[in-house]
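Presented below is the structure to which this report refers.
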Amino acid sequence: MSDMAIRIGAGDSPEQAAVGPRPRSHRAGTALTAQALVAPAAMLMLIILLGPLAGVLALSFTDYQLGAPSFSWIGLANYREMFADKVFWISLRNTLTYVVIVVPGSVALGLGIALLIQSGSSLRSWYRTIYFLPVMATLIAMAIVWEFMLHPQFGLINGLLRSFGMQGHSWLQDRNTALYSLCAIGIWQAVGFNMVLFLAGLVSIPKPLYDAAEIDGASGAWSRFRLVTWPMLGPVTAFVVVISSIRSFQVFDTVQVLTKGGPSKSSEVLIYTMYTEGFEFFRSGYGAALTVVFLVFVLALTLLKARLNRGVHYA
Amino acid sequence: MTRRLPVWTVTRHAVLIAGALVILMPFIWMISTASKPQTEIFSSHLHLIPEHFALWDNLRAAFAKADLWRFLLNGLIVTVSVFTLQLLVALPAAYALAKLRFLGRDTLFALVVFCILIPPQATAIPVFLLLHKLGLLDSYAALILPFSISVFGIFLMRQFFKTVPDDLIDAARMDGISEFGIVWRVMLPTAIPAVTAFGIFSVVAHWNDYFWPLIVLNSEYLRTPPLGVANFRNNEAGTDYGPLMAAAMVVIAPLVIAFLLAQRRFIEGITMTGIK
Amino acid sequence: MAAIELSAIRKSFDRTDVLKGIDLKIEPGEFISLVGPSGCGKSTLLRIIAGLETQTSGQVRIDGEAVDGVRPSARNLAMVFQSYALYPHLTVFDNIAVPLRMRRLSAAQRLPLLGRLIPSRHRTERGIREDVERVAALLEISPLLSRKPGQLSGGQRQRVAVGRAIVRQPKAFLFDEPLSNLDAKLRVHMRAEIAQLHRRLKTTFVYVTHDQAEAMTMSGRIAVMIDGHLVQVGKPADVYDNPRDIRVAEFVGSPKINVLPGMVRADRGVEALGRPLELSAAAAAGACRICVRPERIELGGGPFAGTVTHLENMGAEAFVHVGCDGMVIPLVARIDDPRRLPEIGAPIGFGFAADAVRAFDASGKRIETTPRLRVIQPREPALV
């Protein structure tokens with residue numbers, strides 16, 4: 001189809017000579033216009049996305065450091081160093097822990113809230129708005145609020161615990177709880193997003209299916225859920241799980257501002273390691289290698305999503 | 001669904017309200033703290049309603065200690081410029097990809113779809129080096145230019161343009177509108193809902209972005225709201241929670257207010273990341 | 001008023017040939033319909049005339065001038081689209097004004113906001129307003145001018161689309177199935193309106209439709225296109241009466257023409273369903289098809305016998321379906337008086353006059369037939 005424009009010259013008929021030089025077909029003009037219309041996008045895509053993507057791969061095989069006068073190709077040395085580095089493994093394990101906690105937490109809660117909201121008709125949009133609020137609020141600002149809520153002495157959480165006669169805790173300063181505190185913030189922030197996706201999925205379930213289920217004898221709420229809601233929501237759920245995973249893999253803001261990966265690397269995550277190596281120590285080559293590892297995980301998840309995407313009705 | 005037992009209705013509201021309280025707690029705590037004088041903040045006695053209402057003092061202190069107006073203005077400049085550029089680049093490309101036949105169209109579209117998969121952090125190091133080479137670090141350009149193309153925007157608008165009938169475009173051609181004119185005079189006005197959703201998506205993403213400004217900025221006067229509030233906190237760590245919470249309030253206020261005014265559109269716009 | 005001349009137009013998409021050499025001369029001021037089953041290439045041909053599509057080869061001339069490579073808007077033709085193609089964000093007034101504004105205002109004057117500051121724009125706008133209002137009055141849509149297309153009914157949108165087409169006084173109008181989105185009743189009404197519009201404007205109308213009834217009732221000439229070929233061009237009655245190809249015979253007329261298996265014998269005599277007809281054919285011996293219009297089938301006697309399988313009583317007329325041996329599809333006969341209908345399942349005899357027969361050879365080409373010399377009853381058409 002795309003070679004339409006090129007074949008235009010092929011149709012010259014004998015009469016044409018008599019009419020004079022054939023005017024440039026406006027269709028050919030359209031093809032040129034089309035290329036002019038996409039040119040800025042194509043160029044920017046190359047400079048800002050595809051080029052850097054190739055660049056990050058290439059960099060990961062060099063020892064380039066920002067400001068260094070020269071660099072050399074060092075093959076897999078960055079990767080060898082990375083795999084030998086304990087921090088990398090800690091960082092990877094922490095990232096995976098974060099994903100494994102936040103994803104099920106935010107998906108299950110999101111589903112539960114969506115089902116609860118949808119099960120009645122009153123105050124629907126109120127609840128939806130409230131639960132969605134954390135998605136909208138600037139995460140950095142809210143992280144700072146969370147930090148104060150988790151303040152060992154004057155924070156709300158410890159205050160509440162104390163009023164129930166329990167021991168307070170230094171949540172973000174303790175290596176045993178820092179990562180889990182970040183997970184809690186992560187879940188708090190992601191629930192509303194997942195809820196809205198589930199609500200969209202619930203709305204798209206055809207009502208007659210419930211009538212049919214009722215006639216077929218599924219009278220209780222649970223049997224209706226088992227027979228209709230859950231199977232119909234299956235693709236949406238898979239989709240939400242993958243999206244949440246991708247988003248969780250990118251966790252950075254809360255770590256950078258609240259714990260800086262600490263204490264003693266207990267909340268070090270991949271993107272944060274990449275950030276410190278690449279932008280604080282300016283070891284671009286090594287940072288690139290970390291990025292490549294991150295990319296492998298995210299692209300694997302994205303490809304998974306692309307496969308699931310076909311099953312989701314509203315996407 | 002059919003009528004429910006009142007027991008169920010009560011349970012539903014009870015659970016949802018309890019959950020809503022947890023969700024709202026940081027917001028409530030933030031407003032409460034921002035309204036308390038320092039002595040009340042640093043008391044181990046828990047109370048939400050301040051005994052002395054000090055919100056205005058804390059706000060004044062926040063605006064005095066950090067140039068919050070500047071941060072808000074920077075946020076506005078960056079989000080508006082980013083979105084404008086994204087539209088200028090994406091709309092013509094989306095139109096051509098959806099409605100015109102030209103050499104390389106399918107390849108280009110495949111590339112667009114592929115680029116959607118690239119997470120923003122992945123290209124950070126090379127783009128940073130590029131800006132460094134160009135001497136553009138620590139400038140508005142560094143905040144704006146890397147986001148001048150939104151492949152997701154191209155994809156979204158292209159899908160929308162596909163649904164615009166060909167007849168409408170042909171009619172415009174018969175009426176004498178040029179291809180370039182069709183993009184702005186015909187496609188853009190018919191695509192307003194999609195453009196709005198895309199705009200909300202883009203503005204929210206870049207208002208809230210922390211990673212990129214953190215990397216490319218040094219100067220205080222360029223700081224975007226998240227960076228501004230984070231720096232405020234670093235400077236005032238552990239001392240001045242009232243103004244800090246007031247500053248956090250100021251930073252989240254524009255989007256939260258806009259969201260409350262047009263929640264349906266916002267939810268639509270934001271969840272589009274789900275498709276992304 | 002423009003003459004449009006198409007010579008040897010070919011068009012292929014990828015490797016499929018959509019138009020296989022079309023020659024057609026459209027006279028100035030005439031109303032011609034391009035008609036054919038969907039996929040025959042008629043819309044592509046119209047779009048080539050409009051300049052929205054470029055032919056692979058061949059030439060389009062408007063008033064004697066080759067227009068290949070001329071932009072659609074520069075050809076000064078107007079087009080009415082099937083989906084009306086109104087700009088959804090503009091009012092009816094602005095929709096109609098678009099072609100005028102694009103022509104009469106400079107690029108600077110068309111700029112949003114800024115353009116209004118240019119002094120001469122005001123004067124031009126006044127002229128545009130007058131023209132739009134004149135057209136609106138003509139089409140009786142003046143009260144709708146400030147509405148958006150979304151607030152209009154199908155018929156009203158149709159009129160606005162026509163208004164946008166006539167406002168700039170084009171050399172010719174191109175219609176691309178403009179009535180197919182309307183309901184049946186409105187369609188019949190709009191047919192009359194478009195025909196009247198043609199009589200009033202006296203401009204060239206090129207009308208594409210897949211509905212043969214539309215083509216037959218509105219146009220001065222119809223051009224039947226089948227499978228990328230222009231099979232027959234002529235006055236509606238001629239095409240109906242004298243189809244030169246069996247595909248034309250089958251396409252034009254409703255209900256469809258009856259096709260009976262037949263053959264041309266070695267002595268040039270013609271048979272249908274194995275029975276000799278009082279006809280001789282100017283063709284070589286072999287299988288052929290004998291076609292008879294439903295209104296020419298005479299029921300209640302004749303050499304053929306069948307069974308009534310179905311009745312369609314339309315009130316003013318009725319159609320009787322007769323199944324008979326040797327035919328897969330039942331034969332359809334029209335009865336003018338529905339009060340005298342046969343019973344379903346009853347055996348029935350039928351026949352037809354010799355001059356009702358249109359015969360086609362195995363490849364679908366028309367075979368000329370002449371009544372045999374032995375005519376027994378010169379006054380009554382002989383029942384065969």
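Every chain in the structure tokens takes a letter, A first, then B, and so on in the order presented; its residues are numbered from 1, and the ligands are numbered from 1 following the presented order.
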Do a neighbour search on Pro189 in chain B at 12 Å with only C-alpha atoms, toss out local chain neighbours closer than 2 positions, and write the hits as a PDB file with N, CA and C atoms, in the first residue's frame.
ATOM      1  N   LEU B  91       0.239  15.357  16.721  1.00  0.00           N
ATOM      2  CA  LEU B  91      -0.987  15.412  15.917  1.00  0.00           C
ATOM      3  C   LEU B  91      -0.728  15.214  14.422  1.00  0.00           C
ATOM      4  N   PHE B 161      -7.929   9.038  15.495  1.00  0.00           N
ATOM      5  CA  PHE B 161      -8.101   9.542  14.129  1.00  0.00           C
ATOM      6  C   PHE B 161      -8.605   8.453  13.201  1.00  0.00           C
ATOM      7  N   VAL B 164     -12.206   8.616  12.688  1.00  0.00           N
ATOM      8  CA  VAL B 164     -12.795   9.753  11.966  1.00  0.00           C
ATOM      9  C   VAL B 164     -13.061   9.298  10.537  1.00  0.00           C
ATOM     10  N   GLY B 181      -3.621  21.916   7.040  1.00  0.00           N
ATOM     11  CA  GLY B 181      -4.804  22.556   7.602  1.00  0.00           C
ATOM     12  C   GLY B 181      -5.783  21.545   8.159  1.00  0.00           C
ATOM     13  N   ILE B 182      -5.878  20.370   7.510  1.00  0.00           N
ATOM     14  CA  ILE B 182      -6.813  19.349   7.976  1.00  0.00           C
ATOM     15  C   ILE B 182      -6.469  18.930   9.401  1.00  0.00           C
ATOM     16  N   VAL B 183      -5.158  18.829   9.687  1.00  0.00           N
ATOM     17  CA  VAL B 183      -4.739  18.411  11.028  1.00  0.00           C
ATOM     18  C   VAL B 183      -5.328  19.343  12.078  1.00  0.00           C
ATOM     19  N   TRP B 184      -5.217  20.641  11.832  1.00  0.00           N
ATOM     20  CA  TRP B 184      -5.600  21.602  12.875  1.00  0.00           C
ATOM     21  C   TRP B 184      -7.048  22.026  12.786  1.00  0.00           C
ATOM     22  N   ARG B 185      -7.603  22.078  11.562  1.00  0.00           N
ATOM     23  CA  ARG B 185      -8.960  22.582  11.416  1.00  0.00           C
ATOM     24  C   ARG B 185     -10.007  21.484  11.490  1.00  0.00           C
ATOM     25  N   VAL B 186      -9.645  20.270  11.130  1.00  0.00           N
ATOM     26  CA  VAL B 186     -10.641  19.204  11.110  1.00  0.00           C
ATOM     27  C   VAL B 186     -10.351  18.153  12.180  1.00  0.00           C
ATOM     28  N   MET B 187      -9.120  17.608  12.183  1.00  0.00           N
ATOM     29  CA  MET B 187      -8.834  16.505  13.097  1.00  0.00           C
ATOM     30  C   MET B 187      -8.813  16.978  14.555  1.00  0.00           C
ATOM     31  N   ALA B 191     -11.217  15.738  17.686  1.00  0.00           N
ATOM     32  CA  ALA B 191     -10.541  14.846  18.631  1.00  0.00           C
ATOM     33  C   ALA B 191     -10.449  15.447  20.023  1.00  0.00           C
ATOM     34  N   ILE B 192     -11.233  16.490  20.291  1.00  0.00           N
ATOM     35  CA  ILE B 192     -11.088  17.176  21.582  1.00  0.00           C
ATOM     36  C   ILE B 192     -11.149  16.236  22.799  1.00  0.00           C
ATOM     37  N   PRO B 193     -12.079  15.271  22.848  1.00  0.00           N
ATOM     38  CA  PRO B 193     -12.086  14.390  24.028  1.00  0.00           C
ATOM     39  C   PRO B 193     -10.764  13.643  24.205  1.00  0.00           C
ATOM     40  N   ALA B 194     -10.238  13.115  23.116  1.00  0.00           N
ATOM     41  CA  ALA B 194      -8.981  12.380  23.205  1.00  0.00           C
ATOM     42  C   ALA B 194      -7.835  13.313  23.570  1.00  0.00           C
ATOM     43  N   VAL B 195      -7.850  14.526  22.997  1.00  0.00           N
ATOM     44  CA  VAL B 195      -6.785  15.479  23.303  1.00  0.00           C
ATOM     45  C   VAL B 195      -6.835  15.865  24.781  1.00  0.00           C
ATOM     46  N   THR B 196      -8.065  16.036  25.304  1.00  0.00           N
ATOM     47  CA  THR B 196      -8.197  16.373  26.722  1.00  0.00           C
ATOM     48  C   THR B 196      -7.625  15.255  27.591  1.00  0.00           C
TER      49      THR B 196
ATOM     50  N   TYR C  87     -18.565  18.899   9.302  1.00  0.00           N
ATOM     51  CA  TYR C  87     -17.608  19.108  10.382  1.00  0.00           C
ATOM     52  C   TYR C  87     -18.373  19.159  11.705  1.00  0.00           C
ATOM     53  N   PRO C  88     -18.127  18.195  12.578  1.00  0.00           N
ATOM     54  CA  PRO C  88     -18.992  18.099  13.765  1.00  0.00           C
ATOM     55  C   PRO C  88     -18.845  19.285  14.717  1.00  0.00           C
ATOM     56  N   HIS C  89     -17.715  19.978  14.643  1.00  0.00           N
ATOM     57  CA  HIS C  89     -17.475  21.046  15.613  1.00  0.00           C
ATOM     58  C   HIS C  89     -17.952  22.396  15.102  1.00  0.00           C
ATOM     59  N   LEU C  90     -18.434  22.461  13.876  1.00  0.00           N
ATOM     60  CA  LEU C  90     -18.868  23.740  13.311  1.00  0.00           C
ATOM     61  C   LEU C  90     -20.391  23.772  13.203  1.00  0.00           C
TER      62      LEU C  90
END
Provide as a ChimeraX atom specification the residues of chain B at most 8 Å from chain C, counting only C-alpha atoms.
/B:165,167-171,173-177,186,189-190
Write out, as a tab-separated table (two decimals), in the first residue's frame, the residues just selected, with all heavy atoms.
chain	number	residue	atom	x	y	z
B	165	PRO	N	-14.31	9.48	10.04
B	165	PRO	CA	-14.61	8.97	8.71
B	165	PRO	C	-13.75	9.62	7.62
B	165	PRO	O	-13.49	10.82	7.66
B	165	PRO	CB	-16.09	9.31	8.51
B	165	PRO	CG	-16.47	10.22	9.61
B	165	PRO	CD	-15.47	10.10	10.69
B	167	ASP	N	-14.59	10.22	4.71
B	167	ASP	CA	-15.40	11.18	3.97
B	167	ASP	C	-15.16	12.60	4.47
B	167	ASP	O	-15.12	13.55	3.69
B	167	ASP	CB	-16.89	10.85	4.14
B	167	ASP	CG	-17.34	9.79	3.15
B	167	ASP	OD1	-16.47	9.32	2.39
B	167	ASP	OD2	-18.52	9.45	3.14
B	168	LEU	N	-15.02	12.73	5.80
B	168	LEU	CA	-14.85	14.06	6.37
B	168	LEU	C	-13.57	14.71	5.85
B	168	LEU	O	-13.54	15.89	5.52
B	168	LEU	CB	-14.82	13.97	7.90
B	168	LEU	CG	-14.90	15.29	8.63
B	168	LEU	CD1	-16.24	15.95	8.40
B	168	LEU	CD2	-14.67	15.10	10.11
B	169	ILE	N	-12.53	13.90	5.76
B	169	ILE	CA	-11.25	14.42	5.28
B	169	ILE	C	-11.36	14.75	3.78
B	169	ILE	O	-10.87	15.78	3.32
B	169	ILE	CB	-10.15	13.39	5.56
B	169	ILE	CG1	-10.00	13.25	7.06
B	169	ILE	CG2	-8.84	13.81	4.93
B	169	ILE	CD1	-9.36	11.97	7.48
B	170	ASP	N	-12.02	13.85	3.04
B	170	ASP	CA	-12.19	14.12	1.61
B	170	ASP	C	-13.01	15.39	1.41
B	170	ASP	O	-12.72	16.19	0.52
B	170	ASP	CB	-12.88	12.94	0.93
B	170	ASP	CG	-11.90	11.78	0.72
B	170	ASP	OD1	-10.69	12.07	0.69
B	170	ASP	OD2	-12.34	10.65	0.59
B	171	ALA	N	-14.04	15.56	2.23
B	171	ALA	CA	-14.85	16.78	2.12
B	171	ALA	C	-13.98	18.00	2.35
B	171	ALA	O	-14.09	19.00	1.64
B	171	ALA	CB	-16.00	16.74	3.12
B	173	ARG	N	-10.83	18.24	1.81
B	173	ARG	CA	-9.97	18.43	0.63
B	173	ARG	C	-10.76	19.10	-0.48
B	173	ARG	O	-10.27	20.00	-1.16
B	173	ARG	CB	-9.44	17.08	0.15
B	173	ARG	CG	-8.37	16.54	1.06
B	173	ARG	CD	-7.89	15.19	0.58
B	173	ARG	NE	-6.96	14.64	1.55
B	173	ARG	CZ	-6.91	13.37	1.90
B	173	ARG	NH1	-7.68	12.48	1.33
B	173	ARG	NH2	-6.05	12.97	2.82
B	174	MET	N	-12.02	18.66	-0.69
B	174	MET	CA	-12.85	19.26	-1.73
B	174	MET	C	-13.10	20.73	-1.41
B	174	MET	O	-13.23	21.55	-2.30
B	174	MET	CB	-14.20	18.55	-1.83
B	174	MET	CG	-14.14	17.11	-2.24
B	174	MET	SD	-13.58	16.83	-3.93
B	174	MET	CE	-14.96	17.44	-4.87
B	175	ASP	N	-13.18	21.04	-0.11
B	175	ASP	CA	-13.44	22.42	0.30
B	175	ASP	C	-12.19	23.28	0.19
B	175	ASP	O	-12.25	24.48	0.43
B	175	ASP	CB	-13.96	22.46	1.74
B	175	ASP	CG	-15.40	21.98	1.82
B	175	ASP	OD1	-16.03	21.90	0.75
B	175	ASP	OD2	-15.87	21.70	2.93
B	176	GLY	N	-11.06	22.67	-0.09
B	176	GLY	CA	-9.86	23.45	-0.31
B	176	GLY	C	-8.95	23.57	0.91
B	176	GLY	O	-8.09	24.43	0.95
B	177	ILE	N	-9.13	22.71	1.92
B	177	ILE	CA	-8.24	22.76	3.08
B	177	ILE	C	-7.01	21.89	2.79
B	177	ILE	O	-7.15	20.77	2.31
B	177	ILE	CB	-8.97	22.27	4.34
B	177	ILE	CG1	-10.27	23.06	4.53
B	177	ILE	CG2	-8.09	22.40	5.57
B	177	ILE	CD1	-11.08	22.66	5.74
B	186	VAL	N	-9.64	20.27	11.13
B	186	VAL	CA	-10.64	19.20	11.11
B	186	VAL	C	-10.35	18.15	12.18
B	186	VAL	O	-11.20	17.83	13.00
B	186	VAL	CB	-10.70	18.54	9.71
B	186	VAL	CG1	-11.76	17.46	9.69
B	186	VAL	CG2	-10.98	19.59	8.65
B	189	PRO	N	-10.24	19.57	16.16
B	189	PRO	CA	-11.54	19.83	16.79
B	189	PRO	C	-12.38	18.57	17.00
B	189	PRO	O	-13.09	18.47	17.99
B	189	PRO	CB	-12.23	20.77	15.80
B	189	PRO	CG	-11.15	21.35	14.97
B	189	PRO	CD	-10.07	20.33	14.91
B	190	THR	N	-12.29	17.60	16.09
B	190	THR	CA	-13.10	16.40	16.29
B	190	THR	C	-12.50	15.52	17.38
B	190	THR	O	-13.19	14.66	17.92
B	190	THR	CB	-13.21	15.56	14.99
B	190	THR	OG1	-11.90	15.32	14.52
B	190	THR	CG2	-14.01	16.27	13.95
Proximal residues of chain A relative to chain B (only C-alpha atoms; 7 Å) as a compact mmCIF listing (two decimals) with N, CA, C and O atoms, in the first residue's frame:
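Once written, result-v3.txt looks like this:
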# COMPACT_ATOMS: atom_id res chain seq x y z
N MET A 1 0.81 -1.20 0.00
CA MET A 1 0.00 0.00 0.00
C MET A 1 0.85 1.26 0.00
O MET A 1 0.53 2.23 -0.64
N SER A 2 1.96 1.15 0.71
CA SER A 2 2.74 2.35 0.90
C SER A 2 3.48 2.76 -0.38
O SER A 2 3.98 3.87 -0.45
N ASP A 3 3.55 1.87 -1.35
CA ASP A 3 4.30 2.27 -2.55
C ASP A 3 3.38 2.86 -3.60
O ASP A 3 3.79 3.10 -4.72
N ALA A 5 2.38 5.80 -3.98
CA ALA A 5 2.82 7.09 -4.46
C ALA A 5 3.88 6.97 -5.54
O ALA A 5 3.93 7.77 -6.46
N ALA A 31 1.92 12.36 -0.60
CA ALA A 31 2.90 11.48 0.02
C ALA A 31 4.03 12.30 0.62
O ALA A 31 4.50 12.03 1.72
N ALA A 34 2.73 13.93 3.66
CA ALA A 34 2.66 12.96 4.75
C ALA A 34 4.02 12.80 5.41
O ALA A 34 4.14 12.78 6.63
N LEU A 37 4.73 15.64 7.50
CA LEU A 37 3.95 15.63 8.74
C LEU A 37 4.57 14.72 9.79
O LEU A 37 4.51 15.01 10.98
N VAL A 38 5.14 13.60 9.37
CA VAL A 38 5.71 12.69 10.36
C VAL A 38 7.18 12.98 10.65
O VAL A 38 7.73 12.43 11.60
N PRO A 40 9.01 15.48 11.98
CA PRO A 40 9.47 15.88 13.32
C PRO A 40 9.36 14.73 14.32
O PRO A 40 10.30 14.48 15.09
N ALA A 41 8.24 14.02 14.27
CA ALA A 41 8.05 12.92 15.21
C ALA A 41 9.11 11.85 14.98
O ALA A 41 9.72 11.35 15.93
N LEU A 44 12.56 13.10 16.27
CA LEU A 44 12.64 13.14 17.73
C LEU A 44 12.66 11.74 18.32
O LEU A 44 13.37 11.47 19.28
N MET A 45 11.90 10.86 17.70
CA MET A 45 11.87 9.48 18.20
C MET A 45 13.27 8.88 18.12
O MET A 45 13.72 8.18 19.03
N ILE A 48 15.60 10.95 20.76
CA ILE A 48 15.28 10.92 22.20
C ILE A 48 15.00 9.51 22.70
O ILE A 48 15.20 9.21 23.87
N LEU A 49 14.53 8.63 21.81
CA LEU A 49 14.15 7.31 22.31
C LEU A 49 15.01 6.18 21.75
O LEU A 49 15.68 5.47 22.50
N PRO A 52 19.07 6.80 22.22
CA PRO A 52 19.48 6.54 23.59
C PRO A 52 19.31 5.08 24.01
O PRO A 52 20.11 4.56 24.78
N LEU A 53 18.28 4.43 23.48
CA LEU A 53 18.10 3.02 23.84
C LEU A 53 19.30 2.21 23.35
O LEU A 53 19.86 1.39 24.09
N GLY A 55 22.09 3.56 22.69
CA GLY A 55 23.22 4.13 23.43
C GLY A 55 23.42 3.46 24.77
O GLY A 55 24.56 3.19 25.17
N VAL A 56 22.34 3.18 25.47
CA VAL A 56 22.48 2.60 26.80
C VAL A 56 23.09 1.21 26.71
O VAL A 56 23.91 0.80 27.53
N LEU A 116 -16.74 -3.87 46.05
CA LEU A 116 -17.60 -3.26 47.07
C LEU A 116 -18.32 -2.04 46.51
O LEU A 116 -19.52 -1.86 46.72
N THR A 129 -13.74 8.69 43.87
CA THR A 129 -12.89 9.89 43.96
C THR A 129 -11.90 9.79 45.11
O THR A 129 -10.70 10.06 44.94
N ILE A 130 -12.38 9.37 46.27
CA ILE A 130 -11.50 9.32 47.45
C ILE A 130 -10.36 8.34 47.22
O ILE A 130 -9.20 8.65 47.43
N TYR A 131 -10.72 7.13 46.75
CA TYR A 131 -9.67 6.13 46.59
C TYR A 131 -8.69 6.50 45.48
O TYR A 131 -7.57 6.02 45.44
N MET A 136 -3.48 10.90 42.16
CA MET A 136 -3.33 12.25 41.63
C MET A 136 -2.28 13.07 42.38
O MET A 136 -1.59 13.89 41.79
N ALA A 137 -2.21 12.86 43.69
CA ALA A 137 -1.37 13.73 44.52
C ALA A 137 0.10 13.46 44.22
O ALA A 137 0.52 12.31 44.09
N THR A 138 0.86 14.52 44.10
CA THR A 138 2.30 14.41 43.83
C THR A 138 2.93 13.46 44.86
O THR A 138 2.90 13.71 46.06
N LEU A 139 3.52 12.39 44.35
CA LEU A 139 4.01 11.34 45.25
C LEU A 139 5.08 11.86 46.19
O LEU A 139 5.14 11.50 47.37
N ILE A 140 5.95 12.73 45.69
CA ILE A 140 7.03 13.25 46.53
C ILE A 140 6.46 14.00 47.73
O ILE A 140 6.88 13.78 48.88
N ALA A 141 5.48 14.84 47.48
CA ALA A 141 4.88 15.59 48.58
C ALA A 141 4.23 14.63 49.58
O ALA A 141 4.39 14.77 50.80
N VAL A 145 4.80 13.62 53.63
CA VAL A 145 3.76 13.52 54.65
C VAL A 145 3.85 12.17 55.36
O VAL A 145 3.80 12.07 56.58
N TRP A 146 4.03 11.12 54.56
CA TRP A 146 4.18 9.78 55.14
C TRP A 146 5.37 9.73 56.09
O TRP A 146 5.31 9.10 57.15
N PHE A 154 6.86 11.85 66.94
CA PHE A 154 5.67 12.71 66.83
C PHE A 154 4.72 12.23 65.74
O PHE A 154 3.74 12.89 65.42
N GLY A 159 1.89 7.26 67.38
CA GLY A 159 0.95 7.84 68.34
C GLY A 159 -0.26 6.93 68.53
O GLY A 159 -0.68 6.66 69.65
N TRP A 188 -0.57 2.02 49.15
CA TRP A 188 -1.49 3.14 49.36
C TRP A 188 -1.68 3.94 48.07
O TRP A 188 -2.78 4.36 47.72
N PHE A 193 -5.58 3.34 41.51
CA PHE A 193 -5.36 3.12 40.08
C PHE A 193 -5.91 1.76 39.66
O PHE A 193 -6.67 1.64 38.70
N ILE A 243 0.63 -4.54 34.78
CA ILE A 243 0.87 -3.10 34.86
C ILE A 243 1.43 -2.72 36.22
O ILE A 243 2.41 -1.97 36.32
N ASP A 253 10.99 7.33 43.60
CA ASP A 253 10.75 8.59 44.31
C ASP A 253 10.81 8.43 45.83
O ASP A 253 11.54 9.14 46.51
N VAL A 257 13.81 9.96 48.39
CA VAL A 257 13.56 11.06 49.31
C VAL A 257 13.48 10.59 50.77
O VAL A 257 13.84 11.32 51.68
N GLY A 278 24.96 6.21 38.11
CA GLY A 278 24.98 6.98 36.87
C GLY A 278 25.01 8.48 37.10
O GLY A 278 25.62 9.21 36.31
N PHE A 279 24.36 8.96 38.15
CA PHE A 279 24.20 10.40 38.27
C PHE A 279 24.80 11.00 39.52
O PHE A 279 24.82 12.20 39.69
N SER A 284 28.85 6.30 34.04
CA SER A 284 27.80 6.10 33.04
C SER A 284 27.77 4.67 32.53
O SER A 284 26.71 4.08 32.34
N ALA A 288 24.70 2.22 32.94
CA ALA A 288 24.03 1.69 31.76
C ALA A 288 23.80 0.20 31.89
O ALA A 288 22.75 -0.32 31.51
N THR A 291 20.94 -0.32 33.99
CA THR A 291 19.73 0.00 33.23
C THR A 291 19.32 -1.18 32.35
O THR A 291 18.13 -1.48 32.22
N LEU A 295 15.86 -2.98 32.19
CA LEU A 295 15.12 -3.06 30.93
C LEU A 295 14.68 -4.48 30.63
O LEU A 295 13.56 -4.71 30.17
N LEU A 299 10.89 -5.09 29.98
CA LEU A 299 10.46 -5.49 28.64
C LEU A 299 9.81 -6.86 28.68
O LEU A 299 8.82 -7.11 27.98
N THR A 302 6.43 -6.24 29.79
CA THR A 302 5.65 -5.53 28.78
C THR A 302 5.22 -6.48 27.67
O THR A 302 4.10 -6.40 27.18
N ALA A 315 -9.20 -2.27 26.25
CA ALA A 315 -7.88 -1.69 25.98
C ALA A 315 -7.67 -1.49 24.48
O ALA A 315 -8.33 -2.07 23.67
Contact residues around range 75-77 of chain A with only C-alpha atoms at 10 Å, ignoring same-chain residues under 4 positions, as a PyMOL selection string:
chain A and resi 58+60-63+81-83+285-286+289
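Proximity to chain A at a cut-off of 8 Å picks out Phe13, Asp14, Glu53, Thr54, Gln55, Thr56, Ser57, Gly58, Gln59, Ala66, Asp68, Gly69, Val70 and Arg71 of chain C on chain C, counting only C-alpha atoms.
The shell of residues at most 9 Å from Asp67 in chain B, with only C-alpha atoms counted and near chain neighbours (fewer than 3 positions) removed, consists of Ala62, Phe63, Ala64, Arg70, Phe71, Leu72, Glu220, Tyr221 and Gly228 of chain B.
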What's around Leu182 in chain C at 12 Å? Count only C-alpha atoms, leave out sequence neighbours fewer than 6 positions away in its own chain, and write the answer as a PyMOL selection string.
chain C and resi 82-84+153-159+188-191
Which residues are near Ala190 in chain A? Cut-off 12 Å, only C-alpha atoms, ignore same chain within fewer than 6 positions. Put them as an NGL selection string.
(:A and (99 or 102-111 or 131-137 or 139 or 183-184 or 196-197 or 240-241 or 243-248 or 251)) or (:B and (23 or 271))
Got a sec: who's within 12 Å of Arg221 in chain C, counting only C-alpha atoms, leaving out chain neighbours fewer than 2 positions off, as a PyMOL selection string?
chain C and resi 24-27+29-35+204-207+214-219+223-224+232-240
Quick one: pick out all helix (DSSP H, G or I) residues within range 68-212 of chain B from a backbone DSSP run and write them as a PyMOL selection string.
chain B and resi 68-99+105-116+120-134+140-147+151-162+166-174+179-190+192-208+211-212
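Counting only C-alpha atoms, the residue from C:Asp325, C:Glu343, C:Asp211, C:Glu193 that sits nearest to Glu177 in chain C is C:Asp211.
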